[in-house]
Amino acid sequence: PGNSIKQFFIGPFSNTYFFGNMIASSIPLMLTGLAASLAFSVSTFNLGLEGQLYFGALVGTFLAVEMSGFPAILAIVISIFASALAGGIIAGISGWLKAKWEVNELISSLLISYTLVYVVDYFLEGPFNDPEAGMAASPYMNSNFMLPKILSPSDLHAGVFIAIAVIIFFYFIYRKSTVGYEMVITGRNRKFSNYSGIPVKKVIILSMFLSGSIAGLAGIMDNLGIYGRMIRGYSTGYGWNGIAVALIARNHPLLVIPAAL
């Protein structure tokens, strides 16, 4: 047991391969942790991160494969944006149902998420399957679209800088902007927010949309940075572990970085 504990804490720092892989594994958790934090801060409970992430990754990977002849930077940007938008729309549906008819977003996001996992699996096993893969996986995207590697031969890639930049951006949005102020107040007391003129329904929808967008972004990171394709079930646990990260970080955007690590 003593040796196991030692390897658990010291092992990741013993060489660049283990160290790089540890950071690479934390990239999607940073983003799903941020996604959960944004929703929780407004007292909305997005339990659909798994499906939003998975579906967003499918959309982004499909576009990357279809844009094989495009300039790399353009294809990467479009793929990332599409993944975020797809995840945001899915989560936004739960936010809209909550704002419109008081449908519990915890239940709706969870049910939609479970459904989407099977929908994505269908595409990976059928219409979007690479017959030469020997497993449920998409075709490879253009190798030029892969994010640059860091600390080779580990899996660490430039997506870590994207994740940190997104976290810092949302920290300033949350702490320094009018929208962030409205989200904080709405999360603390919705009745007070209504009386003070804050558009609570819009804030709820926006918070769920942003949460889903970040989840979708988390989904495409591994595909652009490590695999170069989408593999069925590669992201299982990212969403649920992101919720744990958010709880450990107490919904503070910057603290999701050490929490994810």
# chains A, B, ... in the order shown; residues from 1 in each chain; ligands from 1

call {"tool": "residues_around", "arguments": {"residues": "region 227-244 of chain A", "least_positions_apart": "4", "cutoff": "8 Å", "atoms": "only C-alpha atoms", "output": "ChimeraX atom specification"}}
result
/A:28-37,47-50,53-54,57-58,61,121,124,136-143,146,215,219,222-223,248,260

call {"tool": "residues_around", "arguments": {"residues": "Ala84 (chain A)", "least_positions_apart": "6", "cutoff": "9 Å", "atoms": "only C-alpha atoms", "output": "short mmCIF file (atom, residue, chain, number, x, y, z; two decimals) with C-alpha atoms, in the first residue's frame"}}
result
data_model
loop_
_atom_site.label_atom_id
_atom_site.label_comp_id
_atom_site.auth_asym_id
_atom_site.auth_seq_id
_atom_site.Cartn_x
_atom_site.Cartn_y
_atom_site.Cartn_z
CA LEU A 53 -20.13 16.62 -24.83
CA GLY A 56 -20.91 18.13 -29.75
CA ALA A 57 -17.85 16.00 -30.46
CA GLY A 60 -17.28 18.80 -34.77
CA LEU A 210 -23.10 28.38 -22.06
CA GLY A 212 -23.58 23.02 -22.84
CA SER A 213 -21.30 24.98 -25.16
CA ILE A 214 -18.31 24.41 -22.91
CA ALA A 215 -19.22 20.73 -22.63
CA GLY A 216 -19.32 20.47 -26.42
CA LEU A 217 -15.92 22.15 -26.59
CA ALA A 218 -14.58 19.62 -24.11
CA GLY A 219 -15.77 16.81 -26.37
CA ILE A 220 -13.80 17.86 -29.43
#

call {"tool": "closest_residue", "arguments": {"among": "A:Ser25, A:Asn3, A:Ser79, A:Thr16", "to": "Phe145 (chain A)", "atoms": "only C-alpha atoms"}}
result
A:Ser79

call {"tool": "closest_residue", "arguments": {"among": "A:Thr178, A:Ser207, A:Asn15, A:Ser26", "to": "Ser94 (chain A)", "atoms": "only C-alpha atoms"}}
result
A:Ser207

call {"tool": "closest_residue", "arguments": {"among": "A:Met221, A:Met208, A:Ile112, A:Ala24", "to": "Val77 (chain A)", "atoms": "only C-alpha atoms"}}
result
A:Met221

call {"tool": "select_by_dssp", "arguments": {"residues": "region 147-241 of chain A", "states": "alpha helix (DSSP H)", "output": "compact mmCIF listing (two decimals) with all heavy atoms, in the first residue's frame"}}
result
# COMPACT_ATOMS: atom_id res chain seq x y z
N GLY A 159 -4.37 21.94 -26.86
CA GLY A 159 -5.70 22.16 -26.32
C GLY A 159 -5.69 22.63 -24.88
O GLY A 159 -6.65 23.24 -24.41
N VAL A 160 -4.59 22.35 -24.16
CA VAL A 160 -4.50 22.80 -22.77
C VAL A 160 -4.53 24.32 -22.69
O VAL A 160 -5.12 24.91 -21.77
CB VAL A 160 -3.24 22.24 -22.09
CG1 VAL A 160 -1.96 22.80 -22.72
CG2 VAL A 160 -3.26 22.51 -20.59
N PHE A 161 -3.94 24.99 -23.69
CA PHE A 161 -3.95 26.45 -23.70
C PHE A 161 -5.34 26.98 -24.06
O PHE A 161 -5.76 28.02 -23.55
CB PHE A 161 -2.92 26.97 -24.70
CG PHE A 161 -1.51 26.54 -24.39
CD1 PHE A 161 -0.78 25.77 -25.29
CD2 PHE A 161 -0.91 26.88 -23.19
CE1 PHE A 161 0.51 25.36 -25.00
CE2 PHE A 161 0.39 26.48 -22.89
CZ PHE A 161 1.08 25.71 -23.80
N ILE A 162 -6.05 26.26 -24.93
CA ILE A 162 -7.42 26.64 -25.25
C ILE A 162 -8.30 26.54 -24.01
O ILE A 162 -9.09 27.45 -23.71
CB ILE A 162 -7.98 25.76 -26.38
CG1 ILE A 162 -7.16 25.96 -27.67
CG2 ILE A 162 -9.46 26.06 -26.63
CD1 ILE A 162 -7.58 25.03 -28.80
N ALA A 163 -8.15 25.43 -23.28
CA ALA A 163 -8.96 25.23 -22.08
C ALA A 163 -8.70 26.32 -21.04
O ALA A 163 -9.64 26.88 -20.47
CB ALA A 163 -8.67 23.85 -21.49
N ILE A 164 -7.44 26.63 -20.81
CA ILE A 164 -7.09 27.66 -19.81
C ILE A 164 -7.60 29.02 -20.26
O ILE A 164 -8.12 29.80 -19.44
CB ILE A 164 -5.57 27.68 -19.58
CG1 ILE A 164 -5.13 26.37 -18.89
CG2 ILE A 164 -5.17 28.88 -18.74
CD1 ILE A 164 -3.64 26.22 -18.75
N ALA A 165 -7.47 29.31 -21.55
CA ALA A 165 -7.96 30.60 -22.07
C ALA A 165 -9.46 30.73 -21.89
O ALA A 165 -9.97 31.80 -21.51
CB ALA A 165 -7.58 30.75 -23.54
N VAL A 166 -10.20 29.66 -22.15
CA VAL A 166 -11.66 29.68 -21.98
C VAL A 166 -12.02 29.89 -20.52
O VAL A 166 -12.93 30.66 -20.19
CB VAL A 166 -12.28 28.37 -22.52
CG1 VAL A 166 -13.75 28.25 -22.12
CG2 VAL A 166 -12.14 28.30 -24.03
N ILE A 167 -11.30 29.22 -19.63
CA ILE A 167 -11.57 29.37 -18.20
C ILE A 167 -11.33 30.80 -17.74
O ILE A 167 -12.15 31.39 -17.02
CB ILE A 167 -10.69 28.39 -17.40
CG1 ILE A 167 -11.18 26.96 -17.60
CG2 ILE A 167 -10.71 28.73 -15.91
CD1 ILE A 167 -10.24 25.90 -17.07
N ILE A 168 -10.22 31.39 -18.15
CA ILE A 168 -9.91 32.78 -17.77
C ILE A 168 -10.96 33.73 -18.35
O ILE A 168 -11.42 34.66 -17.67
CB ILE A 168 -8.49 33.16 -18.24
CG1 ILE A 168 -7.45 32.35 -17.47
CG2 ILE A 168 -8.25 34.66 -18.05
CD1 ILE A 168 -6.04 32.54 -17.97
N PHE A 169 -11.35 33.49 -19.60
CA PHE A 169 -12.36 34.34 -20.24
C PHE A 169 -13.67 34.32 -19.45
O PHE A 169 -14.25 35.37 -19.15
CB PHE A 169 -12.60 33.86 -21.67
CG PHE A 169 -13.74 34.55 -22.37
CD1 PHE A 169 -13.60 35.83 -22.86
CD2 PHE A 169 -14.97 33.91 -22.53
CE1 PHE A 169 -14.66 36.48 -23.51
CE2 PHE A 169 -16.02 34.54 -23.16
CZ PHE A 169 -15.86 35.84 -23.66
N PHE A 170 -14.12 33.13 -19.09
CA PHE A 170 -15.38 33.05 -18.36
C PHE A 170 -15.25 33.53 -16.92
O PHE A 170 -16.24 33.96 -16.32
CB PHE A 170 -15.93 31.62 -18.41
CG PHE A 170 -16.72 31.34 -19.65
CD1 PHE A 170 -16.16 30.68 -20.73
CD2 PHE A 170 -18.04 31.77 -19.75
CE1 PHE A 170 -16.89 30.44 -21.88
CE2 PHE A 170 -18.78 31.53 -20.89
CZ PHE A 170 -18.20 30.87 -21.97
N TYR A 171 -14.06 33.48 -16.38
CA TYR A 171 -13.85 34.06 -15.05
C TYR A 171 -14.14 35.56 -15.08
O TYR A 171 -14.85 36.08 -14.22
CB TYR A 171 -12.42 33.81 -14.57
CG TYR A 171 -12.06 34.62 -13.34
CD1 TYR A 171 -12.53 34.25 -12.09
CD2 TYR A 171 -11.28 35.77 -13.45
CE1 TYR A 171 -12.21 35.00 -10.96
CE2 TYR A 171 -10.96 36.53 -12.33
CZ TYR A 171 -11.43 36.13 -11.08
OH TYR A 171 -11.13 36.89 -9.98
N PHE A 172 -13.61 36.24 -16.10
CA PHE A 172 -13.84 37.69 -16.20
C PHE A 172 -15.29 37.99 -16.55
O PHE A 172 -15.85 38.99 -16.08
CB PHE A 172 -12.89 38.31 -17.22
CG PHE A 172 -11.50 38.50 -16.69
CD1 PHE A 172 -10.47 37.65 -17.04
CD2 PHE A 172 -11.22 39.55 -15.83
CE1 PHE A 172 -9.19 37.82 -16.54
CE2 PHE A 172 -9.94 39.75 -15.32
CZ PHE A 172 -8.92 38.87 -15.67
N ILE A 173 -15.91 37.14 -17.39
CA ILE A 173 -17.32 37.32 -17.69
C ILE A 173 -18.16 37.19 -16.42
O ILE A 173 -19.05 38.00 -16.14
CB ILE A 173 -17.80 36.29 -18.74
CG1 ILE A 173 -17.19 36.58 -20.11
CG2 ILE A 173 -19.32 36.27 -18.83
CD1 ILE A 173 -17.67 37.86 -20.75
N TYR A 174 -17.84 36.17 -15.64
CA TYR A 174 -18.63 35.86 -14.45
C TYR A 174 -18.41 36.88 -13.34
O TYR A 174 -19.35 37.24 -12.62
CB TYR A 174 -18.25 34.46 -13.97
CG TYR A 174 -19.08 33.95 -12.83
CD1 TYR A 174 -20.43 33.66 -12.99
CD2 TYR A 174 -18.52 33.72 -11.58
CE1 TYR A 174 -21.19 33.18 -11.94
CE2 TYR A 174 -19.27 33.25 -10.52
CZ TYR A 174 -20.61 32.98 -10.71
OH TYR A 174 -21.36 32.52 -9.67
N ARG A 175 -17.17 37.36 -13.21
CA ARG A 175 -16.83 38.23 -12.09
C ARG A 175 -16.88 39.72 -12.42
O ARG A 175 -17.04 40.54 -11.51
CB ARG A 175 -15.41 37.90 -11.60
CG ARG A 175 -15.24 36.46 -11.09
CD ARG A 175 -15.99 36.23 -9.80
NE ARG A 175 -15.78 34.88 -9.31
CZ ARG A 175 -16.27 34.41 -8.17
NH1 ARG A 175 -17.01 35.19 -7.42
NH2 ARG A 175 -16.05 33.15 -7.80
N LYS A 176 -16.75 40.07 -13.69
CA LYS A 176 -16.54 41.48 -14.02
C LYS A 176 -17.59 42.08 -14.96
O LYS A 176 -17.51 43.27 -15.26
CB LYS A 176 -15.16 41.66 -14.68
CG LYS A 176 -13.99 41.09 -13.88
CD LYS A 176 -13.78 41.83 -12.57
CE LYS A 176 -12.56 41.28 -11.83
NZ LYS A 176 -12.35 41.99 -10.54
N THR A 178 -21.77 42.64 -16.54
CA THR A 178 -23.17 42.76 -16.14
C THR A 178 -23.87 41.41 -16.21
O THR A 178 -24.65 41.04 -15.32
CB THR A 178 -23.89 43.76 -17.05
OG1 THR A 178 -23.23 45.04 -16.97
CG2 THR A 178 -25.34 43.93 -16.63
N VAL A 179 -23.57 40.66 -17.28
CA VAL A 179 -24.18 39.34 -17.43
C VAL A 179 -23.77 38.44 -16.26
O VAL A 179 -24.60 37.71 -15.70
CB VAL A 179 -23.75 38.70 -18.77
CG1 VAL A 179 -24.22 37.26 -18.85
CG2 VAL A 179 -24.30 39.50 -19.94
N GLY A 180 -22.50 38.49 -15.89
CA GLY A 180 -22.03 37.70 -14.77
C GLY A 180 -22.71 38.08 -13.48
O GLY A 180 -23.07 37.22 -12.66
N TYR A 181 -22.91 39.38 -13.27
CA TYR A 181 -23.60 39.87 -12.07
C TYR A 181 -25.03 39.33 -12.03
O TYR A 181 -25.51 38.87 -10.98
CB TYR A 181 -23.61 41.39 -12.06
CG TYR A 181 -24.47 41.99 -10.98
CD1 TYR A 181 -24.02 42.07 -9.66
CD2 TYR A 181 -25.74 42.49 -11.28
CE1 TYR A 181 -24.82 42.62 -8.67
CE2 TYR A 181 -26.54 43.04 -10.29
CZ TYR A 181 -26.08 43.10 -9.00
OH TYR A 181 -26.86 43.63 -8.01
N GLU A 182 -25.70 39.37 -13.18
CA GLU A 182 -27.08 38.87 -13.24
C GLU A 182 -27.13 37.38 -12.94
O GLU A 182 -28.07 36.89 -12.29
CB GLU A 182 -27.68 39.17 -14.62
CG GLU A 182 -27.91 40.65 -14.88
CD GLU A 182 -28.44 40.92 -16.27
OE1 GLU A 182 -28.34 40.01 -17.13
OE2 GLU A 182 -28.95 42.03 -16.52
N MET A 183 -26.13 36.65 -13.41
CA MET A 183 -26.09 35.21 -13.14
C MET A 183 -25.89 34.94 -11.65
O MET A 183 -26.54 34.06 -11.08
CB MET A 183 -24.97 34.57 -13.97
CG MET A 183 -25.23 34.57 -15.47
SD MET A 183 -23.83 33.98 -16.45
CE MET A 183 -23.81 32.24 -16.01
N VAL A 184 -25.00 35.70 -11.02
CA VAL A 184 -24.73 35.51 -9.59
C VAL A 184 -25.98 35.80 -8.77
O VAL A 184 -26.36 35.01 -7.89
CB VAL A 184 -23.57 36.41 -9.13
CG1 VAL A 184 -23.44 36.38 -7.61
CG2 VAL A 184 -22.27 35.97 -9.78
N ILE A 185 -26.63 36.92 -9.05
CA ILE A 185 -27.81 37.31 -8.27
C ILE A 185 -28.95 36.33 -8.49
O ILE A 185 -29.66 35.95 -7.56
CB ILE A 185 -28.24 38.75 -8.63
CG1 ILE A 185 -27.12 39.74 -8.30
CG2 ILE A 185 -29.51 39.12 -7.89
CD1 ILE A 185 -26.71 39.73 -6.85
N THR A 186 -29.12 35.90 -9.75
CA THR A 186 -30.18 34.93 -10.05
C THR A 186 -29.93 33.63 -9.31
O THR A 186 -30.86 32.99 -8.80
CB THR A 186 -30.25 34.67 -11.57
OG1 THR A 186 -30.54 35.89 -12.25
CG2 THR A 186 -31.34 33.65 -11.88
N GLY A 187 -28.68 33.21 -9.23
CA GLY A 187 -28.34 31.98 -8.52
C GLY A 187 -28.61 32.07 -7.04
O GLY A 187 -28.96 31.07 -6.40
N ARG A 188 -28.47 33.27 -6.48
CA ARG A 188 -28.65 33.42 -5.03
C ARG A 188 -30.11 33.61 -4.64
O ARG A 188 -30.54 33.13 -3.59
CB ARG A 188 -27.81 34.60 -4.54
CG ARG A 188 -26.31 34.34 -4.63
CD ARG A 188 -25.51 35.53 -4.14
NE ARG A 188 -24.07 35.26 -4.19
CZ ARG A 188 -23.13 36.14 -3.90
NH1 ARG A 188 -23.47 37.36 -3.50
NH2 ARG A 188 -21.86 35.82 -4.00
N ARG A 190 -33.82 34.11 -6.89
CA ARG A 190 -34.53 34.40 -8.13
C ARG A 190 -35.67 35.40 -7.92
O ARG A 190 -35.95 36.22 -8.79
CB ARG A 190 -35.08 33.11 -8.74
CG ARG A 190 -33.99 32.22 -9.32
CD ARG A 190 -34.54 31.00 -10.00
NE ARG A 190 -33.44 30.18 -10.50
CZ ARG A 190 -33.59 28.99 -11.06
NH1 ARG A 190 -34.80 28.47 -11.18
NH2 ARG A 190 -32.54 28.32 -11.48
N LYS A 191 -36.33 35.33 -6.75
CA LYS A 191 -37.41 36.29 -6.49
C LYS A 191 -36.87 37.71 -6.43
O LYS A 191 -37.43 38.64 -7.00
CB LYS A 191 -38.13 35.93 -5.19
CG LYS A 191 -39.01 34.69 -5.30
CD LYS A 191 -39.80 34.47 -4.02
CE LYS A 191 -40.73 33.26 -4.17
NZ LYS A 191 -41.52 33.04 -2.93
N PHE A 192 -35.77 37.89 -5.72
CA PHE A 192 -35.14 39.20 -5.65
C PHE A 192 -34.71 39.67 -7.03
O PHE A 192 -34.86 40.85 -7.38
CB PHE A 192 -33.93 39.16 -4.71
CG PHE A 192 -33.15 40.44 -4.67
CD1 PHE A 192 -33.57 41.50 -3.87
CD2 PHE A 192 -32.00 40.60 -5.43
CE1 PHE A 192 -32.86 42.69 -3.83
CE2 PHE A 192 -31.29 41.79 -5.40
CZ PHE A 192 -31.72 42.83 -4.59
N SER A 193 -34.17 38.75 -7.82
CA SER A 193 -33.72 39.10 -9.17
C SER A 193 -34.89 39.59 -10.02
O SER A 193 -34.76 40.57 -10.77
CB SER A 193 -33.07 37.88 -9.83
OG SER A 193 -31.96 37.44 -9.09
N ASN A 194 -36.03 38.93 -9.90
CA ASN A 194 -37.21 39.35 -10.63
C ASN A 194 -37.64 40.75 -10.22
O ASN A 194 -37.93 41.61 -11.06
CB ASN A 194 -38.37 38.38 -10.38
CG ASN A 194 -38.47 37.32 -11.46
OD1 ASN A 194 -38.30 37.60 -12.64
ND2 ASN A 194 -38.75 36.09 -11.06
N TYR A 195 -37.68 41.00 -8.91
CA TYR A 195 -38.10 42.31 -8.42
C TYR A 195 -37.14 43.42 -8.85
O TYR A 195 -37.55 44.56 -9.04
CB TYR A 195 -38.22 42.29 -6.89
CG TYR A 195 -39.45 41.59 -6.39
CD1 TYR A 195 -39.34 40.56 -5.46
CD2 TYR A 195 -40.72 41.96 -6.82
CE1 TYR A 195 -40.47 39.89 -4.98
CE2 TYR A 195 -41.85 41.30 -6.36
CZ TYR A 195 -41.72 40.28 -5.44
OH TYR A 195 -42.84 39.63 -4.99
N VAL A 200 -34.78 36.93 -15.48
CA VAL A 200 -34.39 35.64 -14.91
C VAL A 200 -34.50 34.52 -15.93
O VAL A 200 -33.61 33.65 -16.02
CB VAL A 200 -35.24 35.33 -13.66
CG1 VAL A 200 -34.99 33.91 -13.17
CG2 VAL A 200 -34.94 36.34 -12.56
N LYS A 201 -35.57 34.50 -16.70
CA LYS A 201 -35.76 33.42 -17.67
C LYS A 201 -34.65 33.40 -18.71
O LYS A 201 -34.14 32.34 -19.07
CB LYS A 201 -37.13 33.55 -18.34
CG LYS A 201 -38.30 33.28 -17.40
CD LYS A 201 -39.63 33.34 -18.13
CE LYS A 201 -40.78 33.03 -17.18
NZ LYS A 201 -42.09 33.06 -17.88
N LYS A 202 -34.27 34.58 -19.16
CA LYS A 202 -33.17 34.66 -20.14
C LYS A 202 -31.85 34.22 -19.52
O LYS A 202 -31.03 33.57 -20.18
CB LYS A 202 -33.05 36.09 -20.68
CG LYS A 202 -34.21 36.52 -21.57
CD LYS A 202 -34.00 37.93 -22.11
CE LYS A 202 -35.15 38.34 -23.02
NZ LYS A 202 -34.96 39.73 -23.54
N VAL A 203 -31.64 34.58 -18.28
CA VAL A 203 -30.41 34.18 -17.59
C VAL A 203 -30.34 32.67 -17.45
O VAL A 203 -29.27 32.07 -17.62
CB VAL A 203 -30.33 34.87 -16.21
CG1 VAL A 203 -29.17 34.30 -15.39
CG2 VAL A 203 -30.16 36.38 -16.37
N ILE A 204 -31.46 32.03 -17.13
CA ILE A 204 -31.50 30.57 -16.99
C ILE A 204 -31.16 29.90 -18.32
O ILE A 204 -30.33 28.98 -18.38
CB ILE A 204 -32.88 30.11 -16.50
CG1 ILE A 204 -33.11 30.56 -15.05
CG2 ILE A 204 -33.03 28.59 -16.62
CD1 ILE A 204 -34.51 30.30 -14.54
N ILE A 205 -31.79 30.37 -19.39
CA ILE A 205 -31.52 29.79 -20.72
C ILE A 205 -30.07 30.02 -21.11
O ILE A 205 -29.38 29.11 -21.61
CB ILE A 205 -32.47 30.39 -21.77
CG1 ILE A 205 -33.92 30.02 -21.45
CG2 ILE A 205 -32.10 29.91 -23.17
CD1 ILE A 205 -34.94 30.73 -22.32
N LEU A 206 -29.56 31.24 -20.87
CA LEU A 206 -28.18 31.56 -21.23
C LEU A 206 -27.19 30.71 -20.45
O LEU A 206 -26.21 30.20 -21.02
CB LEU A 206 -27.91 33.04 -20.97
CG LEU A 206 -26.47 33.52 -21.25
CD1 LEU A 206 -26.13 33.34 -22.73
CD2 LEU A 206 -26.28 34.97 -20.82
N SER A 207 -27.45 30.53 -19.17
CA SER A 207 -26.52 29.75 -18.35
C SER A 207 -26.46 28.30 -18.82
O SER A 207 -25.38 27.69 -18.88
CB SER A 207 -26.91 29.80 -16.88
OG SER A 207 -28.13 29.14 -16.65
N MET A 208 -27.60 27.72 -19.17
CA MET A 208 -27.61 26.36 -19.67
C MET A 208 -26.95 26.27 -21.04
O MET A 208 -26.20 25.32 -21.33
CB MET A 208 -29.05 25.83 -19.74
CG MET A 208 -29.68 25.55 -18.39
SD MET A 208 -28.89 24.17 -17.51
CE MET A 208 -29.45 22.78 -18.46
N PHE A 209 -27.18 27.27 -21.88
CA PHE A 209 -26.55 27.28 -23.21
C PHE A 209 -25.03 27.35 -23.09
O PHE A 209 -24.31 26.61 -23.76
CB PHE A 209 -27.07 28.46 -24.03
CG PHE A 209 -26.38 28.62 -25.37
CD1 PHE A 209 -26.80 27.85 -26.45
CD2 PHE A 209 -25.33 29.50 -25.53
CE1 PHE A 209 -26.16 27.98 -27.68
CE2 PHE A 209 -24.69 29.63 -26.76
CZ PHE A 209 -25.11 28.87 -27.84
N LEU A 210 -24.54 28.25 -22.24
CA LEU A 210 -23.10 28.38 -22.06
C LEU A 210 -22.50 27.11 -21.46
O LEU A 210 -21.41 26.67 -21.85
CB LEU A 210 -22.79 29.58 -21.17
CG LEU A 210 -23.09 30.96 -21.76
CD1 LEU A 210 -22.82 32.05 -20.73
CD2 LEU A 210 -22.27 31.22 -23.02
N SER A 211 -23.21 26.52 -20.51
CA SER A 211 -22.74 25.28 -19.91
C SER A 211 -22.61 24.18 -20.96
O SER A 211 -21.59 23.48 -21.03
CB SER A 211 -23.71 24.84 -18.80
OG SER A 211 -23.31 23.61 -18.23
N GLY A 212 -23.63 24.03 -21.79
CA GLY A 212 -23.58 23.02 -22.84
C GLY A 212 -22.53 23.31 -23.89
O GLY A 212 -21.89 22.40 -24.43
N SER A 213 -22.32 24.60 -24.18
CA SER A 213 -21.30 24.98 -25.16
C SER A 213 -19.91 24.56 -24.70
O SER A 213 -19.11 24.03 -25.49
CB SER A 213 -21.32 26.50 -25.39
OG SER A 213 -22.54 26.91 -25.96
N ILE A 214 -19.63 24.79 -23.44
CA ILE A 214 -18.31 24.41 -22.91
C ILE A 214 -18.16 22.90 -22.88
O ILE A 214 -17.08 22.36 -23.14
CB ILE A 214 -18.10 25.02 -21.52
CG1 ILE A 214 -18.17 26.55 -21.61
CG2 ILE A 214 -16.76 24.61 -20.92
CD1 ILE A 214 -18.25 27.25 -20.28
N ALA A 215 -19.26 22.20 -22.60
CA ALA A 215 -19.22 20.73 -22.63
C ALA A 215 -18.93 20.24 -24.05
O ALA A 215 -18.13 19.32 -24.25
CB ALA A 215 -20.54 20.15 -22.12
N GLY A 216 -19.58 20.84 -25.04
CA GLY A 216 -19.32 20.47 -26.42
C GLY A 216 -17.87 20.73 -26.82
O GLY A 216 -17.25 19.94 -27.54
N LEU A 217 -17.33 21.84 -26.34
CA LEU A 217 -15.92 22.15 -26.59
C LEU A 217 -15.02 21.09 -25.97
O LEU A 217 -14.02 20.67 -26.57
CB LEU A 217 -15.60 23.53 -26.02
CG LEU A 217 -14.14 23.99 -26.07
CD1 LEU A 217 -13.66 24.07 -27.51
CD2 LEU A 217 -13.98 25.33 -25.37
N ALA A 218 -15.37 20.66 -24.77
CA ALA A 218 -14.58 19.62 -24.11
C ALA A 218 -14.56 18.34 -24.93
O ALA A 218 -13.54 17.63 -24.98
CB ALA A 218 -15.15 19.33 -22.72
N GLY A 219 -15.67 18.05 -25.61
CA GLY A 219 -15.77 16.81 -26.37
C GLY A 219 -14.83 16.74 -27.56
O GLY A 219 -14.28 15.68 -27.87
N ILE A 220 -14.61 17.87 -28.22
CA ILE A 220 -13.80 17.86 -29.43
C ILE A 220 -12.30 17.90 -29.13
O ILE A 220 -11.47 17.58 -29.99
CB ILE A 220 -14.19 19.06 -30.35
CG1 ILE A 220 -13.68 18.85 -31.78
CG2 ILE A 220 -13.68 20.37 -29.78
CD1 ILE A 220 -14.27 17.66 -32.49
N MET A 221 -11.92 18.26 -27.91
CA MET A 221 -10.51 18.42 -27.58
C MET A 221 -9.70 17.14 -27.79
O MET A 221 -8.63 17.16 -28.40
CB MET A 221 -10.35 18.92 -26.14
CG MET A 221 -10.68 20.39 -25.93
SD MET A 221 -9.51 21.51 -26.71
CE MET A 221 -10.47 22.03 -28.12
N ASP A 222 -10.20 16.03 -27.27
CA ASP A 222 -9.47 14.77 -27.40
C ASP A 222 -9.37 14.33 -28.86
O ASP A 222 -8.36 13.77 -29.29
CB ASP A 222 -10.13 13.67 -26.58
CG ASP A 222 -9.71 13.69 -25.12
OD1 ASP A 222 -8.92 14.58 -24.75
OD2 ASP A 222 -10.17 12.83 -24.35
N TYR A 238 -16.51 11.78 -18.49
CA TYR A 238 -16.04 13.17 -18.50
C TYR A 238 -17.08 14.11 -17.89
O TYR A 238 -16.74 15.02 -17.13
CB TYR A 238 -15.73 13.63 -19.92
CG TYR A 238 -14.42 13.14 -20.48
CD1 TYR A 238 -14.15 13.23 -21.85
CD2 TYR A 238 -13.43 12.59 -19.67
CE1 TYR A 238 -12.94 12.79 -22.38
CE2 TYR A 238 -12.23 12.14 -20.19
CZ TYR A 238 -11.99 12.24 -21.55
OH TYR A 238 -10.81 11.81 -22.06
N GLY A 239 -18.35 13.90 -18.24
CA GLY A 239 -19.39 14.79 -17.74
C GLY A 239 -19.61 14.64 -16.24
O GLY A 239 -19.66 15.63 -15.50
N TRP A 240 -19.73 13.40 -15.77
CA TRP A 240 -19.96 13.17 -14.35
C TRP A 240 -18.75 13.60 -13.52
O TRP A 240 -18.90 14.19 -12.44
CB TRP A 240 -20.27 11.70 -14.10
CG TRP A 240 -21.57 11.26 -14.70
CD1 TRP A 240 -21.74 10.35 -15.70
CD2 TRP A 240 -22.89 11.72 -14.37
NE1 TRP A 240 -23.08 10.21 -16.00
CE2 TRP A 240 -23.80 11.03 -15.20
CE3 TRP A 240 -23.38 12.64 -13.43
CZ2 TRP A 240 -25.17 11.25 -15.13
CZ3 TRP A 240 -24.75 12.85 -13.37
CH2 TRP A 240 -25.63 12.17 -14.20
N ASN A 241 -17.56 13.32 -14.01
CA ASN A 241 -16.37 13.75 -13.28
C ASN A 241 -16.24 15.27 -13.29
O ASN A 241 -15.70 15.86 -12.34
CB ASN A 241 -15.12 13.12 -13.88
CG ASN A 241 -15.04 11.63 -13.60
OD1 ASN A 241 -15.58 11.15 -12.60
ND2 ASN A 241 -14.39 10.89 -14.48

call {"tool": "decode", "arguments": {"residues": "region 184-192 of chain A", "atoms": "N, CA and C atoms", "output": "short mmCIF file (atom, residue, chain, number, x, y, z; two decimals), in the first residue's frame"}}
result
data_model
loop_
_atom_site.label_atom_id
_atom_site.label_comp_id
_atom_site.auth_asym_id
_atom_site.auth_seq_id
_atom_site.Cartn_x
_atom_site.Cartn_y
_atom_site.Cartn_z
N VAL A 184 -25.00 35.70 -11.02
CA VAL A 184 -24.73 35.51 -9.59
C VAL A 184 -25.98 35.80 -8.77
N ILE A 185 -26.63 36.92 -9.05
CA ILE A 185 -27.81 37.31 -8.27
C ILE A 185 -28.95 36.33 -8.49
N THR A 186 -29.12 35.90 -9.75
CA THR A 186 -30.18 34.93 -10.05
C THR A 186 -29.93 33.63 -9.31
N GLY A 187 -28.68 33.21 -9.23
CA GLY A 187 -28.34 31.98 -8.52
C GLY A 187 -28.61 32.07 -7.04
N ARG A 188 -28.47 33.27 -6.48
CA ARG A 188 -28.65 33.42 -5.03
C ARG A 188 -30.11 33.61 -4.64
N ASN A 189 -30.87 34.32 -5.46
CA ASN A 189 -32.26 34.59 -5.09
C ASN A 189 -33.04 35.02 -6.34
N ARG A 190 -33.82 34.11 -6.89
CA ARG A 190 -34.53 34.40 -8.13
C ARG A 190 -35.67 35.40 -7.92
N LYS A 191 -36.33 35.33 -6.75
CA LYS A 191 -37.41 36.29 -6.49
C LYS A 191 -36.87 37.71 -6.43
N PHE A 192 -35.77 37.89 -5.72
CA PHE A 192 -35.14 39.20 -5.65
C PHE A 192 -34.71 39.67 -7.03
#
